[in-house]
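Q: Got a structure for you, run07.pdb, holding PDB, C-alpha atoms, pLDDT in the B column.
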```pdb
ATOM      1  CA  MET H   1     -72.880 -69.977  -1.871  1.00 40.00           C
ATOM      2  CA  THR H   2     -70.891 -72.729  -3.621  1.00 43.00           C
ATOM      3  CA  GLN H   3     -67.639 -74.272  -2.467  1.00 47.00           C
ATOM      4  CA  HIS H   4     -65.910 -72.553  -5.379  1.00 50.00           C
ATOM      5  CA  SER H   5     -66.903 -69.100  -4.160  1.00 50.00           C
ATOM      6  CA  HIS H   6     -64.083 -66.622  -3.628  1.00 59.00           C
ATOM      7  CA  ASP H   7     -65.990 -64.607  -1.008  1.00 65.00           C
ATOM      8  CA  PRO H   8     -63.393 -63.962   1.722  1.00 65.00           C
ATOM      9  CA  ALA H   9     -66.219 -63.355   4.233  1.00 68.00           C
ATOM     10  CA  ALA H  10     -67.674 -66.840   3.687  1.00 71.00           C
ATOM     11  CA  PRO H  11     -66.937 -69.283   6.521  1.00 76.00           C
ATOM     12  CA  ALA H  12     -64.281 -71.854   5.690  1.00 79.00           C
ATOM     13  CA  ASP H  13     -65.330 -75.478   5.500  1.00 89.00           C
ATOM     14  CA  ALA H  14     -63.605 -78.021   7.756  1.00 91.00           C
ATOM     15  CA  LEU H  15     -61.395 -79.375   4.963  1.00 92.00           C
ATOM     16  CA  THR H  16     -60.160 -75.873   4.070  1.00 90.00           C
ATOM     17  CA  VAL H  17     -59.406 -75.149   7.729  1.00 93.00           C
ATOM     18  CA  GLU H  18     -57.463 -78.420   8.020  1.00 93.00           C
ATOM     19  CA  VAL H  19     -55.463 -77.717   4.835  1.00 90.00           C
ATOM     20  CA  VAL H  20     -54.641 -74.180   6.003  1.00 91.00           C
ATOM     21  CA  GLU H  21     -53.470 -75.517   9.378  1.00 93.00           C
ATOM     22  CA  LEU H  22     -51.313 -78.170   7.690  1.00 90.00           C
ATOM     23  CA  ILE H  23     -49.747 -75.571   5.389  1.00 89.00           C
ATOM     24  CA  GLY H  24     -49.061 -73.400   8.444  1.00 91.00           C
ATOM     25  CA  THR H  25     -47.379 -76.320  10.210  1.00 89.00           C
ATOM     26  CA  VAL H  26     -45.196 -77.077   7.176  1.00 86.00           C
ATOM     27  CA  VAL H  27     -44.192 -73.415   6.857  1.00 87.00           C
ATOM     28  CA  ALA H  28     -43.399 -73.105  10.579  1.00 89.00           C
ATOM     29  CA  ARG H  29     -41.273 -76.287  10.539  1.00 86.00           C
ATOM     30  CA  TYR H  30     -39.458 -75.122   7.397  1.00 85.00           C
ATOM     31  CA  HIS H  31     -38.655 -71.718   8.958  1.00 87.00           C
ATOM     32  CA  GLU H  32     -37.446 -73.349  12.165  1.00 88.00           C
ATOM     33  CA  GLU H  33     -35.161 -75.725  10.243  1.00 87.00           C
ATOM     34  CA  TYR H  34     -33.953 -72.856   8.033  1.00 87.00           C
ATOM     35  CA  GLU H  35     -33.038 -70.763  11.094  1.00 91.00           C
ATOM     36  CA  HIS H  36     -31.149 -73.717  12.639  1.00 91.00           C
ATOM     37  CA  ALA H  37     -29.317 -74.439   9.370  1.00 90.00           C
ATOM     38  CA  ALA H  38     -28.389 -70.755   9.006  1.00 94.00           C
ATOM     39  CA  ALA H  39     -27.087 -70.657  12.598  1.00 94.00           C
ATOM     40  CA  ARG H  40     -24.850 -73.681  11.888  1.00 92.00           C
ATOM     41  CA  HIS H  41     -23.197 -71.495   9.235  1.00 93.00           C
ATOM     42  CA  ALA H  42     -23.011 -68.505  11.640  1.00 94.00           C
ATOM     43  CA  LEU H  43     -25.735 -66.685   9.689  1.00 96.00           C
ATOM     44  CA  THR H  44     -29.082 -65.245  10.666  1.00 94.00           C
ATOM     45  CA  GLY H  45     -32.102 -66.480   8.741  1.00 91.00           C
ATOM     46  CA  ALA H  46     -32.282 -63.150   6.904  1.00 93.00           C
ATOM     47  CA  GLN H  47     -28.586 -63.316   5.940  1.00 95.00           C
ATOM     48  CA  ALA H  48     -29.070 -66.873   4.682  1.00 95.00           C
ATOM     49  CA  ARG H  49     -32.083 -65.822   2.567  1.00 93.00           C
ATOM     50  CA  VAL H  50     -30.134 -62.928   1.015  1.00 96.00           C
ATOM     51  CA  LEU H  51     -27.174 -65.213   0.317  1.00 96.00           C
ATOM     52  CA  ALA H  52     -29.468 -67.814  -1.294  1.00 94.00           C
ATOM     53  CA  LEU H  53     -31.101 -65.135  -3.441  1.00 95.00           C
ATOM     54  CA  LEU H  54     -27.761 -63.700  -4.570  1.00 97.00           C
ATOM     55  CA  SER H  55     -26.377 -67.162  -5.332  1.00 95.00           C
ATOM     56  CA  ARG H  56     -28.841 -67.204  -8.258  1.00 95.00           C
ATOM     57  CA  GLU H  57     -27.901 -63.776  -9.650  1.00 95.00           C
ATOM     58  CA  PRO H  58     -26.491 -60.394  -8.586  1.00 96.00           C
ATOM     59  CA  MET H  59     -29.164 -57.790  -7.886  1.00 95.00           C
ATOM     60  CA  PRO H  60     -29.636 -54.256  -6.569  1.00 94.00           C
ATOM     61  CA  MET H  61     -30.683 -53.733  -2.939  1.00 92.00           C
ATOM     62  CA  ARG H  62     -34.110 -52.518  -4.013  1.00 92.00           C
ATOM     63  CA  ARG H  63     -34.852 -55.799  -5.790  1.00 94.00           C
ATOM     64  CA  ILE H  64     -33.555 -57.883  -2.857  1.00 96.00           C
ATOM     65  CA  ALA H  65     -35.944 -55.944  -0.593  1.00 95.00           C
ATOM     66  CA  GLN H  66     -38.831 -56.572  -3.002  1.00 94.00           C
ATOM     67  CA  GLN H  67     -38.048 -60.296  -3.160  1.00 92.00           C
ATOM     68  CA  LEU H  68     -37.826 -60.590   0.630  1.00 91.00           C
ATOM     69  CA  LYS H  69     -40.714 -58.172   1.226  1.00 90.00           C
ATOM     70  CA  CYS H  70     -38.745 -55.941   3.574  1.00 90.00           C
ATOM     71  CA  GLU H  71     -37.345 -52.420   3.726  1.00 89.00           C
ATOM     72  CA  PRO H  72     -34.270 -51.610   1.592  1.00 86.00           C
ATOM     73  CA  SER H  73     -32.546 -50.181   4.702  1.00 89.00           C
ATOM     74  CA  ASN H  74     -32.756 -53.652   6.315  1.00 92.00           C
ATOM     75  CA  VAL H  75     -31.175 -55.202   3.231  1.00 94.00           C
ATOM     76  CA  THR H  76     -28.295 -52.711   3.338  1.00 93.00           C
ATOM     77  CA  GLY H  77     -27.362 -53.837   6.861  1.00 94.00           C
ATOM     78  CA  ILE H  78     -27.635 -57.512   5.933  1.00 96.00           C
ATOM     79  CA  VAL H  79     -25.455 -57.047   2.844  1.00 96.00           C
ATOM     80  CA  ASP H  80     -22.944 -55.009   4.909  1.00 96.00           C
ATOM     81  CA  ARG H  81     -22.557 -57.940   7.347  1.00 96.00           C
ATOM     82  CA  LEU H  82     -22.286 -60.506   4.534  1.00 97.00           C
ATOM     83  CA  GLU H  83     -19.727 -58.305   2.772  1.00 97.00           C
ATOM     84  CA  ALA H  84     -17.666 -57.997   5.984  1.00 97.00           C
ATOM     85  CA  ARG H  85     -17.473 -61.816   6.055  1.00 97.00           C
ATOM     86  CA  GLY H  86     -16.382 -62.003   2.404  1.00 97.00           C
ATOM     87  CA  LEU H  87     -19.569 -63.764   1.285  1.00 98.00           C
ATOM     88  CA  VAL H  88     -20.968 -60.899  -0.803  1.00 98.00           C
ATOM     89  CA  GLU H  89     -19.495 -57.957  -2.685  1.00 97.00           C
ATOM     90  CA  ARG H  90     -20.899 -54.787  -4.194  1.00 96.00           C
ATOM     91  CA  ARG H  91     -20.141 -54.045  -7.818  1.00 94.00           C
ATOM     92  CA  PRO H  92     -21.373 -51.553 -10.409  1.00 93.00           C
ATOM     93  CA  ASP H  93     -24.305 -52.647 -12.567  1.00 91.00           C
ATOM     94  CA  PRO H  94     -22.910 -53.054 -16.108  1.00 90.00           C
ATOM     95  CA  ASP H  95     -26.169 -51.633 -17.510  1.00 89.00           C
ATOM     96  CA  ASP H  96     -26.279 -48.593 -15.191  1.00 90.00           C
ATOM     97  CA  ARG H  97     -23.037 -47.609 -13.474  1.00 86.00           C
ATOM     98  CA  ARG H  98     -24.997 -45.478 -10.946  1.00 89.00           C
ATOM     99  CA  VAL H  99     -26.548 -48.653  -9.519  1.00 89.00           C
ATOM    100  CA  LYS H 100     -24.635 -51.023  -7.244  1.00 91.00           C
ATOM    101  CA  LEU H 101     -25.359 -54.741  -7.409  1.00 95.00           C
ATOM    102  CA  ALA H 102     -24.879 -57.096  -4.501  1.00 96.00           C
ATOM    103  CA  ALA H 103     -23.181 -60.241  -5.790  1.00 97.00           C
ATOM    104  CA  VAL H 104     -22.151 -63.468  -4.109  1.00 97.00           C
ATOM    105  CA  THR H 105     -18.413 -64.222  -3.921  1.00 97.00           C
ATOM    106  CA  GLU H 106     -16.925 -67.678  -4.496  1.00 97.00           C
ATOM    107  CA  GLU H 107     -16.836 -68.177  -0.724  1.00 97.00           C
ATOM    108  CA  GLY H 108     -20.457 -67.044  -0.497  1.00 97.00           C
ATOM    109  CA  LEU H 109     -21.465 -69.449  -3.249  1.00 97.00           C
ATOM    110  CA  GLY H 110     -19.854 -72.310  -1.342  1.00 96.00           C
ATOM    111  CA  THR H 111     -21.594 -71.292   1.883  1.00 96.00           C
ATOM    112  CA  ALA H 112     -24.959 -71.007   0.096  1.00 95.00           C
ATOM    113  CA  GLY H 113     -24.469 -74.500  -1.369  1.00 94.00           C
ATOM    114  CA  ARG H 114     -23.569 -76.016   2.002  1.00 93.00           C
ATOM    115  CA  LEU H 115     -26.548 -74.293   3.588  1.00 91.00           C
ATOM    116  CA  ARG H 116     -28.877 -75.646   0.895  1.00 88.00           C
ATOM    117  CA  GLU H 117     -27.484 -79.156   1.364  1.00 87.00           C
ATOM    118  CA  SER H 118     -28.062 -78.972   5.120  1.00 85.00           C
ATOM    119  CA  LEU H 119     -31.800 -78.283   4.748  1.00 80.00           C
ATOM    120  CA  HIS H 120     -33.102 -81.783   5.386  1.00 75.00           C
ATOM    121  CA  PHE H 121     -36.605 -80.930   6.593  1.00 71.00           C
ATOM    122  CA  ALA H 122     -37.884 -80.040   3.147  1.00 66.00           C
ATOM    123  CA  ARG H 123     -36.336 -83.046   1.421  1.00 71.00           C
ATOM    124  CA  GLU H 124     -37.091 -85.818   3.911  1.00 74.00           C
ATOM    125  CA  PRO H 125     -40.917 -85.628   3.885  1.00 76.00           C
ATOM    126  CA  LEU H 126     -40.924 -85.129   0.116  1.00 81.00           C
ATOM    127  CA  ALA H 127     -38.805 -88.265  -0.311  1.00 81.00           C
ATOM    128  CA  ALA H 128     -41.764 -90.258   1.055  1.00 85.00           C
ATOM    129  CA  LEU H 129     -43.807 -89.076  -1.942  1.00 88.00           C
ATOM    130  CA  SER H 130     -43.476 -90.585  -5.394  1.00 92.00           C
ATOM    131  CA  ALA H 131     -42.200 -88.394  -8.225  1.00 91.00           C
ATOM    132  CA  GLU H 132     -45.786 -88.263  -9.512  1.00 95.00           C
ATOM    133  CA  ASP H 133     -47.079 -87.116  -6.093  1.00 93.00           C
ATOM    134  CA  ARG H 134     -44.372 -84.426  -5.904  1.00 90.00           C
ATOM    135  CA  ALA H 135     -45.325 -83.195  -9.389  1.00 93.00           C
ATOM    136  CA  VAL H 136     -49.014 -83.025  -8.380  1.00 94.00           C
ATOM    137  CA  LEU H 137     -48.103 -81.155  -5.179  1.00 91.00           C
ATOM    138  CA  ARG H 138     -45.903 -78.726  -7.140  1.00 91.00           C
ATOM    139  CA  ASP H 139     -48.681 -78.069  -9.652  1.00 93.00           C
ATOM    140  CA  LEU H 140     -51.285 -77.548  -6.911  1.00 92.00           C
ATOM    141  CA  LEU H 141     -48.999 -75.111  -5.088  1.00 89.00           C
ATOM    142  CA  LYS H 142     -48.368 -73.216  -8.322  1.00 91.00           C
ATOM    143  CA  ARG H 143     -52.136 -72.990  -8.920  1.00 91.00           C
ATOM    144  CA  MET H 144     -52.634 -71.732  -5.373  1.00 89.00           C
ATOM    145  CA  LEU H 145     -50.019 -69.035  -5.998  1.00 87.00           C
ATOM    146  CA  GLY H 146     -51.568 -68.055  -9.334  1.00 87.00           C
ATOM    147  CA  SER H 147     -48.748 -69.356 -11.534  1.00 74.00           C
ATOM    148  CA  ALA H 148     -50.243 -72.330 -13.332  1.00 59.00           C
ATOM    149  CA  PRO H 149     -47.718 -74.983 -14.444  1.00 53.00           C
TER
END
```
Rewrite the structure from the file as structure tokens, please.

A:
Amino acid sequence: MTQHSHDPAAPADALTVEVVELIGTVVARYHEEYEHAAARHALTGAQARVLALLSREPMPMRRIAQQLKCEPSNVTGIVDRLEARGLVERRPDPDDRRVKLAAVTEEGLGTAGRLRESLHFAREPLAALSAEDRAVLRDLLKRMLGSAP
């Protein structure tokens, strides 16, 4: 079997194991920082993720659930709590009035921006890399995820 084999049953080489462990460490540290940043804005991590998603564009609950890989019923509760705080609102979809879109309010947009600015963990280690190194890392991650640059 070659190193380029895609056989999931093949044992991982030491380098692959090390890379997987490093990726796991980065992901765990990012989630921990994200949870702390969300808490500083009186949000749960899930509420912060929904707010960040909606700050890009309004979307129906079903699509939020798909993006976050969770049940639509969970999203409904999260949106209810964000709506109660004035960070999100429900509005009819202009293309299909039967569908309700969750949309960020001005206050929600401000909160999402402040939350994003408070996420230092992701930026600080990347700042130690040159722009060229960051571009290489981005391209490698895209390849890993199947979306070539």

Q: Which one is closest to His41 of chain H: H:Ser118, H:Gln66, H:Asn74, H:Thr25? Count all atoms listed in the file.

A: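 Looking at the shortest contact to His41 of chain H, the residue is H:Ser118.
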
Q: Identify the residues within 9 Å of coordinate (-46.5, -76.9, 0.3) (same frame as the file), considering only C-alpha atoms, and give the answer as a ChimeraX atom specification.

A: /H:22-23,26-27,137-138,140-141

Q: Spell out the residues picked by the PyMOL selection byres ((chain H and resi 48) around 12) here, as a ChimeraX atom specification.

A: /H:31,34-47,49-55,68,75,78-79,81-82,87-88,104,108-109,111-116,119

Q: Excluding Asp93 of chain H and its own-chain neighbours fewer than 6 positions away, which residues fall within 12 Å of it when counting only C-alpha atoms? Please give them as a PyMOL selection string.

A: chain H and resi 58-61+99-103

Q: Just to confirm, what's the straight-line distance from atom CA of Glu117 of chain H to atom CA of Glu33 of chain H in Å (one decimal)?

A: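 We find that atom CA of Glu117 of chain H and atom CA of Glu33 of chain H lie 12.2 Å from each other.
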
Q: Once you add 3 Å to each side, what are the centre and edge lengths of the axis-aligned box holding all listed atoms of segment 130-138 of chain H? One decimal in Å, as AutoDock Vina command-line options, if you can.

A:
```
--center_x -45.6 --center_y -84.7 --center_z -7.3 --size_x 12.8 --size_y 17.9 --size_z 10.3
```

Q: Find the distance between atom CA of Ala28 of chain H and atom CA of Phe121 of chain H and write it in Å to one decimal.

A: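 Distance reported for this atom pair: 11.1 Å.
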
Q: Any idea what the distance is between atom CA of Arg85 of chain H and atom CA of Thr105 of chain H?

A: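 Here the two named atoms are 10.3 Å from each other.
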
Q: For a quick check of understanding, using all atoms listed in the file, which of H:His120, H:Lys142, H:Arg90, H:Arg97 has the smallest distance to Arg29 of chain H?

A: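 Looking only at the distances to Arg29 of chain H, the closest residue turns out to be H:His120.
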
Q: Taking the structure in the block just given, could you write segment 47-89 of chain H with C-alpha atoms, as a PDB file, in the first residue's frame?

A:
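What landed in selection15.pdb:
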```
ATOM      1  CA  GLN H  47     -26.133  31.300  20.119  1.00  0.00           C
ATOM      2  CA  ALA H  48     -22.881  32.954  19.037  1.00  0.00           C
ATOM      3  CA  ARG H  49     -22.551  30.582  16.051  1.00  0.00           C
ATOM      4  CA  VAL H  50     -26.135  31.289  14.941  1.00  0.00           C
ATOM      5  CA  LEU H  51     -25.583  35.032  15.324  1.00  0.00           C
ATOM      6  CA  ALA H  52     -22.344  34.835  13.299  1.00  0.00           C
ATOM      7  CA  LEU H  53     -24.097  32.847  10.574  1.00  0.00           C
ATOM      8  CA  LEU H  54     -27.024  35.274  10.387  1.00  0.00           C
ATOM      9  CA  SER H  55     -24.697  38.286  10.327  1.00  0.00           C
ATOM     10  CA  ARG H  56     -23.732  37.126   6.812  1.00  0.00           C
ATOM     11  CA  GLU H  57     -27.296  36.696   5.515  1.00  0.00           C
ATOM     12  CA  PRO H  58     -30.846  35.952   6.699  1.00  0.00           C
ATOM     13  CA  MET H  59     -31.815  32.296   6.380  1.00  0.00           C
ATOM     14  CA  PRO H  60     -34.589  29.842   7.234  1.00  0.00           C
ATOM     15  CA  MET H  61     -34.265  27.653  10.339  1.00  0.00           C
ATOM     16  CA  ARG H  62     -33.799  24.551   8.208  1.00  0.00           C
ATOM     17  CA  ARG H  63     -30.711  26.013   6.537  1.00  0.00           C
ATOM     18  CA  ILE H  64     -29.259  27.208   9.868  1.00  0.00           C
ATOM     19  CA  ALA H  65     -29.654  23.638  11.171  1.00  0.00           C
ATOM     20  CA  GLN H  66     -27.932  22.252   8.065  1.00  0.00           C
ATOM     21  CA  GLN H  67     -25.044  24.710   8.421  1.00  0.00           C
ATOM     22  CA  LEU H  68     -24.589  23.913  12.116  1.00  0.00           C
ATOM     23  CA  LYS H  69     -25.301  20.196  11.647  1.00  0.00           C
ATOM     24  CA  CYS H  70     -28.002  20.080  14.304  1.00  0.00           C
ATOM     25  CA  GLU H  71     -31.742  19.532  14.607  1.00  0.00           C
ATOM     26  CA  PRO H  72     -34.074  22.332  13.431  1.00  0.00           C
ATOM     27  CA  SER H  73     -35.895  22.166  16.799  1.00  0.00           C
ATOM     28  CA  ASN H  74     -32.619  23.157  18.526  1.00  0.00           C
ATOM     29  CA  VAL H  75     -32.251  26.114  16.174  1.00  0.00           C
ATOM     30  CA  THR H  76     -35.789  27.295  16.950  1.00  0.00           C
ATOM     31  CA  GLY H  77     -34.959  27.560  20.664  1.00  0.00           C
ATOM     32  CA  ILE H  78     -31.678  29.347  19.969  1.00  0.00           C
ATOM     33  CA  VAL H  79     -33.361  31.848  17.642  1.00  0.00           C
ATOM     34  CA  ASP H  80     -36.171  32.358  20.205  1.00  0.00           C
ATOM     35  CA  ARG H  81     -33.586  33.345  22.856  1.00  0.00           C
ATOM     36  CA  LEU H  82     -31.685  35.616  20.447  1.00  0.00           C
ATOM     37  CA  GLU H  83     -34.966  37.219  19.370  1.00  0.00           C
ATOM     38  CA  ALA H  84     -35.954  37.834  23.017  1.00  0.00           C
ATOM     39  CA  ARG H  85     -32.686  39.780  23.422  1.00  0.00           C
ATOM     40  CA  GLY H  86     -33.328  41.853  20.285  1.00  0.00           C
ATOM     41  CA  LEU H  87     -30.367  40.372  18.402  1.00  0.00           C
ATOM     42  CA  VAL H  88     -32.388  38.474  15.787  1.00  0.00           C
ATOM     43  CA  GLU H  89     -35.817  38.861  14.218  1.00  0.00           C
TER      44      GLU H  89
END
```
